[in-house]
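As stored in model.cif (mmCIF, C-alpha atoms):
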data_final
#
loop_
_atom_site.label_atom_id
_atom_site.label_comp_id
_atom_site.auth_asym_id
_atom_site.auth_seq_id
_atom_site.Cartn_x
_atom_site.Cartn_y
_atom_site.Cartn_z
CA MET A 174 19.38 27.84 0.74
CA THR A 175 20.62 25.95 -2.24
CA GLY A 176 18.70 27.23 -5.22
CA PRO A 177 17.47 25.57 -8.37
CA GLN A 178 19.72 22.96 -9.90
CA PRO A 179 20.16 22.26 -13.60
CA ASP A 180 17.61 19.71 -14.75
CA HIS A 181 19.26 17.22 -17.08
CA ALA A 182 16.48 14.65 -16.80
CA ALA A 183 14.48 13.40 -19.71
CA GLY A 184 10.95 14.68 -20.07
CA GLY A 185 8.52 13.36 -17.49
CA ALA A 186 10.99 12.98 -14.63
CA ILE A 187 9.60 13.69 -11.15
CA ARG A 188 11.00 17.04 -10.04
CA ILE A 189 11.91 16.96 -6.36
CA VAL A 190 12.83 19.64 -3.82
CA LEU A 191 14.70 18.55 -0.66
CA VAL A 192 14.11 20.52 2.53
CA ASP A 193 16.20 19.74 5.62
CA ASP A 194 18.42 21.87 7.83
CA GLN A 195 21.13 19.19 7.78
CA GLU A 196 23.20 19.35 4.62
CA LEU A 197 24.43 15.78 5.01
CA VAL A 198 20.86 14.50 5.13
CA ARG A 199 20.04 16.34 1.92
CA ALA A 200 23.18 14.98 0.28
CA GLY A 201 22.21 11.43 1.18
CA PHE A 202 18.73 11.81 -0.26
CA ARG A 203 20.07 13.50 -3.37
CA MET A 204 22.47 10.63 -4.04
CA VAL A 205 19.63 8.11 -3.91
CA LEU A 206 17.14 10.16 -5.91
CA ASP A 207 19.45 11.34 -8.67
CA ALA A 208 20.37 7.70 -9.33
CA GLN A 209 16.79 7.04 -10.44
CA PRO A 210 16.01 7.45 -14.16
CA ASP A 211 12.58 8.92 -13.42
CA MET A 212 13.60 11.40 -10.71
CA ARG A 213 15.63 14.59 -10.49
CA VAL A 214 16.41 16.80 -7.51
CA VAL A 215 15.83 20.32 -8.82
CA GLY A 216 16.35 22.33 -5.64
CA GLU A 217 17.22 22.29 -1.95
CA ALA A 218 16.39 24.43 1.05
CA GLY A 219 17.72 24.48 4.60
CA ASP A 220 14.64 25.78 6.40
CA GLY A 221 10.88 26.12 5.95
CA LEU A 222 10.87 29.76 4.93
CA ALA A 223 13.43 29.15 2.20
CA ALA A 224 11.36 26.15 1.07
CA VAL A 225 8.25 28.27 0.62
CA GLU A 226 10.17 30.87 -1.37
CA LEU A 227 11.75 28.16 -3.53
CA ALA A 228 8.44 26.39 -4.18
CA ARG A 229 6.86 29.63 -5.40
CA ARG A 230 9.45 30.21 -8.12
CA LEU A 231 10.60 26.71 -9.03
CA PRO A 232 8.43 24.15 -10.84
CA ALA A 233 8.44 21.00 -8.72
CA ASP A 234 6.26 17.92 -8.30
CA VAL A 235 7.20 16.68 -4.82
CA VAL A 236 8.74 18.37 -1.78
CA ILE A 237 10.43 16.16 0.81
CA MET A 238 10.05 18.24 3.97
CA ASP A 239 11.68 17.82 7.38
CA ALA A 240 9.25 18.58 10.21
CA ARG A 241 11.56 20.44 12.58
CA MET A 242 13.64 23.27 11.14
CA PRO A 243 14.71 26.81 12.03
CA ARG A 244 12.87 30.01 10.98
CA LEU A 245 9.74 28.11 9.87
CA ASP A 246 8.92 24.51 10.68
CA GLY A 247 7.89 21.97 8.09
CA VAL A 248 4.21 22.00 9.03
CA GLU A 249 3.71 25.72 8.46
CA ALA A 250 5.88 25.55 5.33
CA THR A 251 3.64 22.74 4.05
CA ARG A 252 0.51 24.77 4.73
CA ARG A 253 1.85 27.77 2.82
CA ILE A 254 3.06 25.68 -0.11
CA ARG A 255 -0.23 23.80 -0.39
CA GLN A 256 -2.22 27.04 -0.46
CA HIS A 257 -0.95 27.72 -3.95
CA GLY A 258 -2.35 24.70 -5.77
CA ASP A 259 -2.37 20.94 -6.16
CA VAL A 260 1.37 20.74 -6.76
CA PRO A 261 3.92 20.38 -5.44
CA ARG A 262 2.79 17.61 -3.14
CA VAL A 263 4.56 17.27 0.19
CA LEU A 264 6.05 14.28 1.99
CA MET A 265 6.80 15.08 5.63
CA LEU A 266 9.82 13.53 7.36
CA THR A 267 9.26 12.70 11.02
CA THR A 268 11.23 11.05 13.80
CA PHE A 269 8.55 8.44 14.51
CA ASP A 270 5.16 7.63 13.06
CA LEU A 271 3.04 9.03 15.88
CA ASP A 272 4.84 12.36 16.02
CA GLU A 273 2.49 15.28 16.61
CA TYR A 274 4.19 16.96 13.65
CA ALA A 275 2.93 14.18 11.40
CA PHE A 276 -0.64 14.77 12.54
CA ALA A 277 -0.30 18.50 11.95
CA ALA A 278 1.28 17.84 8.55
CA LEU A 279 -1.77 15.90 7.38
CA LYS A 280 -3.98 18.75 8.50
CA ALA A 281 -1.76 21.20 6.63
CA GLY A 282 -2.15 19.29 3.37
CA ALA A 283 0.78 16.87 3.25
CA SER A 284 0.16 13.75 1.19
CA GLY A 285 1.81 11.58 3.83
CA PHE A 286 4.75 11.19 6.12
CA LEU A 287 7.85 9.05 6.32
CA LEU A 288 10.30 8.16 9.02
CA LYS A 289 13.47 10.16 8.63
CA ASP A 290 15.53 6.95 8.46
CA VAL A 291 13.23 5.39 5.88
CA PRO A 292 14.89 2.70 3.69
CA PRO A 293 15.66 3.98 0.18
CA GLU A 294 13.18 1.66 -1.52
CA GLU A 295 10.34 2.95 0.67
CA LEU A 296 11.29 6.54 -0.05
CA LEU A 297 11.26 5.90 -3.80
CA PHE A 298 7.89 4.12 -3.61
CA ALA A 299 6.43 7.00 -1.58
CA ILE A 300 7.64 9.66 -4.01
CA ARG A 301 6.17 7.83 -6.99
CA ALA A 302 2.89 7.22 -5.16
CA VAL A 303 2.50 10.84 -4.13
CA HIS A 304 3.41 12.04 -7.61
CA SER A 305 0.63 9.86 -9.03
CA GLY A 306 -1.90 11.40 -6.66
CA ASP A 307 -1.99 8.79 -3.90
CA SER A 308 -1.22 9.21 -0.23
CA VAL A 309 1.48 7.21 1.50
CA VAL A 310 -0.06 6.76 4.92
CA ALA A 311 -1.74 3.42 5.50
CA PRO A 312 -5.32 3.79 6.77
CA SER A 313 -4.49 1.93 9.99
CA THR A 314 -1.54 4.23 10.65
CA THR A 315 -3.66 7.30 9.99
CA ARG A 316 -6.29 6.01 12.39
CA ARG A 317 -3.72 5.40 15.14
CA LEU A 318 -2.31 8.85 14.57
CA ILE A 319 -5.68 10.57 14.82
CA ASP A 320 -6.73 8.43 17.79
CA GLN A 321 -3.75 9.80 19.70
CA PHE A 322 -4.33 13.43 18.76
CA ALA A 323 -8.12 13.51 18.38
CA ALA A 324 -8.38 16.04 21.20
CA LEU A 325 -6.64 18.55 18.95
CA LEU A 326 -9.31 18.28 16.25
CA PRO A 327 -11.66 21.26 15.97
CA GLY A 328 -15.31 20.72 15.25
CA GLY A 329 -16.52 20.88 11.67
CA ASP A 330 -17.65 24.24 10.33
CA GLU A 331 -20.99 25.05 8.71
CA ALA A 332 -19.54 24.93 5.20
CA GLY A 333 -18.21 21.44 5.87
CA SER A 334 -21.57 20.33 7.22
CA ALA A 335 -23.28 21.60 4.05
CA GLN A 336 -20.83 19.61 1.93
CA LEU A 337 -21.47 16.52 4.02
CA ALA A 338 -25.20 16.88 3.34
CA GLU A 339 -24.47 16.58 -0.39
CA LEU A 340 -23.22 13.02 0.00
CA THR A 341 -25.53 10.14 -0.80
CA ASP A 342 -26.18 7.64 1.99
CA ARG A 343 -23.78 5.20 0.35
CA GLU A 344 -21.04 7.81 -0.06
CA ARG A 345 -21.41 8.76 3.60
CA GLU A 346 -21.19 5.10 4.54
CA VAL A 347 -18.04 4.69 2.44
CA LEU A 348 -16.50 7.78 4.08
CA THR A 349 -17.15 6.31 7.52
CA LEU A 350 -15.55 2.99 6.57
CA VAL A 351 -12.54 4.74 5.03
CA ALA A 352 -12.12 6.67 8.28
CA GLN A 353 -12.26 3.42 10.25
CA GLY A 354 -9.23 2.20 8.31
CA LEU A 355 -10.79 -0.21 5.80
CA SER A 356 -9.23 -0.66 2.39
CA ASN A 357 -11.29 -0.54 -0.81
CA ALA A 358 -11.31 -4.33 -0.94
CA GLU A 359 -12.53 -4.58 2.66
CA ILE A 360 -15.23 -1.98 2.05
CA ALA A 361 -16.36 -3.87 -1.06
CA HIS A 362 -16.65 -7.07 0.98
CA ARG A 363 -18.57 -5.28 3.74
CA LEU A 364 -21.04 -3.63 1.36
CA PHE A 365 -21.37 -6.58 -1.07
CA VAL A 366 -20.29 -4.50 -4.06
CA SER A 367 -17.31 -4.60 -6.42
CA GLU A 368 -14.04 -2.89 -5.60
CA ALA A 369 -14.49 -0.75 -8.73
CA THR A 370 -17.80 0.49 -7.34
CA VAL A 371 -16.10 1.42 -4.07
CA LYS A 372 -13.42 3.36 -5.97
CA THR A 373 -16.18 5.27 -7.76
CA HIS A 374 -17.87 6.13 -4.46
CA VAL A 375 -14.57 7.22 -2.92
CA GLY A 376 -13.79 9.44 -5.90
CA ARG A 377 -17.20 11.12 -5.81
CA MET A 378 -17.01 11.56 -2.04
CA LEU A 379 -13.59 13.21 -2.26
CA SER A 380 -14.80 15.49 -5.06
CA LYS A 381 -17.93 16.62 -3.21
CA LEU A 382 -16.00 17.31 0.00
CA GLU A 383 -13.14 18.97 -1.91
CA LEU A 384 -10.59 16.65 -0.35
CA ARG A 385 -7.31 15.61 -1.93
CA ASP A 386 -7.02 12.00 -0.77
CA ARG A 387 -8.09 9.34 1.71
CA VAL A 388 -5.92 10.80 4.46
CA GLN A 389 -7.79 14.09 4.26
CA ALA A 390 -11.05 12.11 4.28
CA VAL A 391 -10.10 10.44 7.56
CA VAL A 392 -9.36 13.78 9.19
CA TYR A 393 -12.63 15.20 7.84
CA ALA A 394 -14.66 12.30 9.22
CA TYR A 395 -13.19 12.78 12.69
CA GLU A 396 -13.79 16.53 12.58
CA HIS A 397 -17.45 16.03 11.72
CA GLY A 398 -18.14 13.30 14.24
CA LEU A 399 -18.68 10.42 11.81
CA VAL A 400 -16.17 8.38 13.77
CA ARG A 401 -14.64 8.75 17.23
CA ALA A 402 -11.16 8.15 18.59
CA GLY A 403 -10.72 4.49 19.36
CA GLN A 404 -13.72 3.40 17.27
CA ARG A 405 -13.12 0.28 15.21
CA PRO A 406 -15.11 -1.27 12.38
#

What does this structure look like when you write it as structure tokens?
Amino acid sequence: MTGPQPDHAAGGAIRIVLVDDQELVRAGFRMVLDAQPDMRVVGEAGDGLAAVELARRLPADVVIMDARMPRLDGVEATRRIRQHGDVPRVLMLTTFDLDEYAFAALKAGASGFLLKDVPPEELLFAIRAVHSGDSVVAPSTTRRLIDQFAALLPGGDEAGSAQLAELTDREREVLTLVAQGLSNAEIAHRLFVSEATVKTHVGRMLSKLELRDRVQAVVYAYEHGLVRAGQRP
């Protein structure tokens, strides 16, 4: 493991931890990220276990996590890191966008996933989006992912069902449309309301269900039978 690095960034820079078992991959990412005025790589790890240990003692905003690594894979490392609070957020690196690791990563609390050979500009956009609290998985991509692996989804528990009962009819309707892959603008058009109203409903729905983002909402909706694999709006 490469431990914490000196942080020479100005205040407010996004603090990033790189996790990959290939040193050359980490070096390539570091070169791109450290060239950004609003980003700073503050630590590196070569496997999932080292990443968990590093995240516990090093303030960081975003962890870029490879899915397949020795000692502890990226999915379990993500789950352990996310148990300790809202930050750092995790971006999972996968070999292709329907990788079963990507599905598991979303379940574990990752804010999204990227292809391992992602162009630099997409990586930078994703980091900034995740840092601001957004997810970086398009609704249609999330739906395709869950369609393929829906058989792996457990049924919703009683606590989840009780939370679902707290939603208003409109919030439940918005959750279903989010899970079917509609954007806020598309939901607004469907329900004949403003996009700002949809954003309000989405925010309240996420709060009541104790979900972090839209990706988690999609998984939740599938788990609780609001939508089915292959269902389209």

If I wrap all listed atoms of region 339-343 of chain A in a box with edges along x, y and z and add 4 Å on each side, what are its centre and edge lengths in Å to one decimal, as AutoDock Vina command-line options?
--center_x -24.7 --center_y 10.9 --center_z 0.6 --size_x 11.0 --size_y 19.4 --size_z 10.8

So which residues get picked by the PyMOL selection byres ((chain A and resi 198-206) around 12) here, written as a PDB file with C-alpha atoms, in the frame of the given file?
ATOM      1  CA  MET A 174      19.380  27.840   0.740  1.00  0.00           C
ATOM      2  CA  THR A 175      20.620  25.950  -2.240  1.00  0.00           C
ATOM      3  CA  GLN A 178      19.720  22.960  -9.900  1.00  0.00           C
ATOM      4  CA  ALA A 182      16.480  14.650 -16.800  1.00  0.00           C
ATOM      5  CA  ALA A 186      10.990  12.980 -14.630  1.00  0.00           C
ATOM      6  CA  ILE A 187       9.600  13.690 -11.150  1.00  0.00           C
ATOM      7  CA  ARG A 188      11.000  17.040 -10.040  1.00  0.00           C
ATOM      8  CA  ILE A 189      11.910  16.960  -6.360  1.00  0.00           C
ATOM      9  CA  VAL A 190      12.830  19.640  -3.820  1.00  0.00           C
ATOM     10  CA  LEU A 191      14.700  18.550  -0.660  1.00  0.00           C
ATOM     11  CA  VAL A 192      14.110  20.520   2.530  1.00  0.00           C
ATOM     12  CA  ASP A 193      16.200  19.740   5.620  1.00  0.00           C
ATOM     13  CA  ASP A 194      18.420  21.870   7.830  1.00  0.00           C
ATOM     14  CA  GLN A 195      21.130  19.190   7.780  1.00  0.00           C
ATOM     15  CA  GLU A 196      23.200  19.350   4.620  1.00  0.00           C
ATOM     16  CA  LEU A 197      24.430  15.780   5.010  1.00  0.00           C
ATOM     17  CA  ASP A 207      19.450  11.340  -8.670  1.00  0.00           C
ATOM     18  CA  ALA A 208      20.370   7.700  -9.330  1.00  0.00           C
ATOM     19  CA  GLN A 209      16.790   7.040 -10.440  1.00  0.00           C
ATOM     20  CA  PRO A 210      16.010   7.450 -14.160  1.00  0.00           C
ATOM     21  CA  ASP A 211      12.580   8.920 -13.420  1.00  0.00           C
ATOM     22  CA  MET A 212      13.600  11.400 -10.710  1.00  0.00           C
ATOM     23  CA  ARG A 213      15.630  14.590 -10.490  1.00  0.00           C
ATOM     24  CA  VAL A 214      16.410  16.800  -7.510  1.00  0.00           C
ATOM     25  CA  VAL A 215      15.830  20.320  -8.820  1.00  0.00           C
ATOM     26  CA  GLY A 216      16.350  22.330  -5.640  1.00  0.00           C
ATOM     27  CA  GLU A 217      17.220  22.290  -1.950  1.00  0.00           C
ATOM     28  CA  ALA A 218      16.390  24.430   1.050  1.00  0.00           C
ATOM     29  CA  GLY A 219      17.720  24.480   4.600  1.00  0.00           C
ATOM     30  CA  ASP A 220      14.640  25.780   6.400  1.00  0.00           C
ATOM     31  CA  VAL A 235       7.200  16.680  -4.820  1.00  0.00           C
ATOM     32  CA  ILE A 237      10.430  16.160   0.810  1.00  0.00           C
ATOM     33  CA  MET A 238      10.050  18.240   3.970  1.00  0.00           C
ATOM     34  CA  ASP A 239      11.680  17.820   7.380  1.00  0.00           C
ATOM     35  CA  LEU A 266       9.820  13.530   7.360  1.00  0.00           C
ATOM     36  CA  LYS A 289      13.470  10.160   8.630  1.00  0.00           C
ATOM     37  CA  ASP A 290      15.530   6.950   8.460  1.00  0.00           C
ATOM     38  CA  VAL A 291      13.230   5.390   5.880  1.00  0.00           C
ATOM     39  CA  PRO A 292      14.890   2.700   3.690  1.00  0.00           C
ATOM     40  CA  PRO A 293      15.660   3.980   0.180  1.00  0.00           C
ATOM     41  CA  GLU A 294      13.180   1.660  -1.520  1.00  0.00           C
ATOM     42  CA  GLU A 295      10.340   2.950   0.670  1.00  0.00           C
ATOM     43  CA  LEU A 296      11.290   6.540  -0.050  1.00  0.00           C
ATOM     44  CA  LEU A 297      11.260   5.900  -3.800  1.00  0.00           C
ATOM     45  CA  PHE A 298       7.890   4.120  -3.610  1.00  0.00           C
ATOM     46  CA  ALA A 299       6.430   7.000  -1.580  1.00  0.00           C
ATOM     47  CA  ILE A 300       7.640   9.660  -4.010  1.00  0.00           C
ATOM     48  CA  ARG A 301       6.170   7.830  -6.990  1.00  0.00           C
TER      49      ARG A 301
END

* To do: Report the distance between CA of Ile254 (chain A) and CA of Val392 (chain A) in Å, rounded to one decimal place.
  =>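 So the two atoms, CA of Ile254 (chain A) and CA of Val392 (chain A), lie 19.6 Å apart.
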
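With CA of Val309 (chain A) on one side and CA of Arg377 (chain A) on the other, the separation reads 20.4 Å.
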
* Between CA of Ala281 (chain A) and CA of Ser305 (chain A), measure the distance and give it in Å to one decimal. =>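 CA of Ser305 (chain A) lies 19.5 Å from CA of Ala281 (chain A).
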
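Residues selected in this file by the PyMOL selection byres ((chain A and resi 258) around 12) comprise Ala228, Arg229, Pro232, Ala233, Asp234, Thr251, Arg252, Arg253, Ile254, Arg255, Gln256, His257, Asp259, Val260, Pro261, Arg262, Val263, Gly282 and Arg385 of chain A.
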
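For the residues A:Gly398, A:Gly247, A:Gly285, A:Gly306, ranking by smallest atom-to-atom distance to Ser334 (chain A) using all atoms listed in the file places A:Gly398 first.
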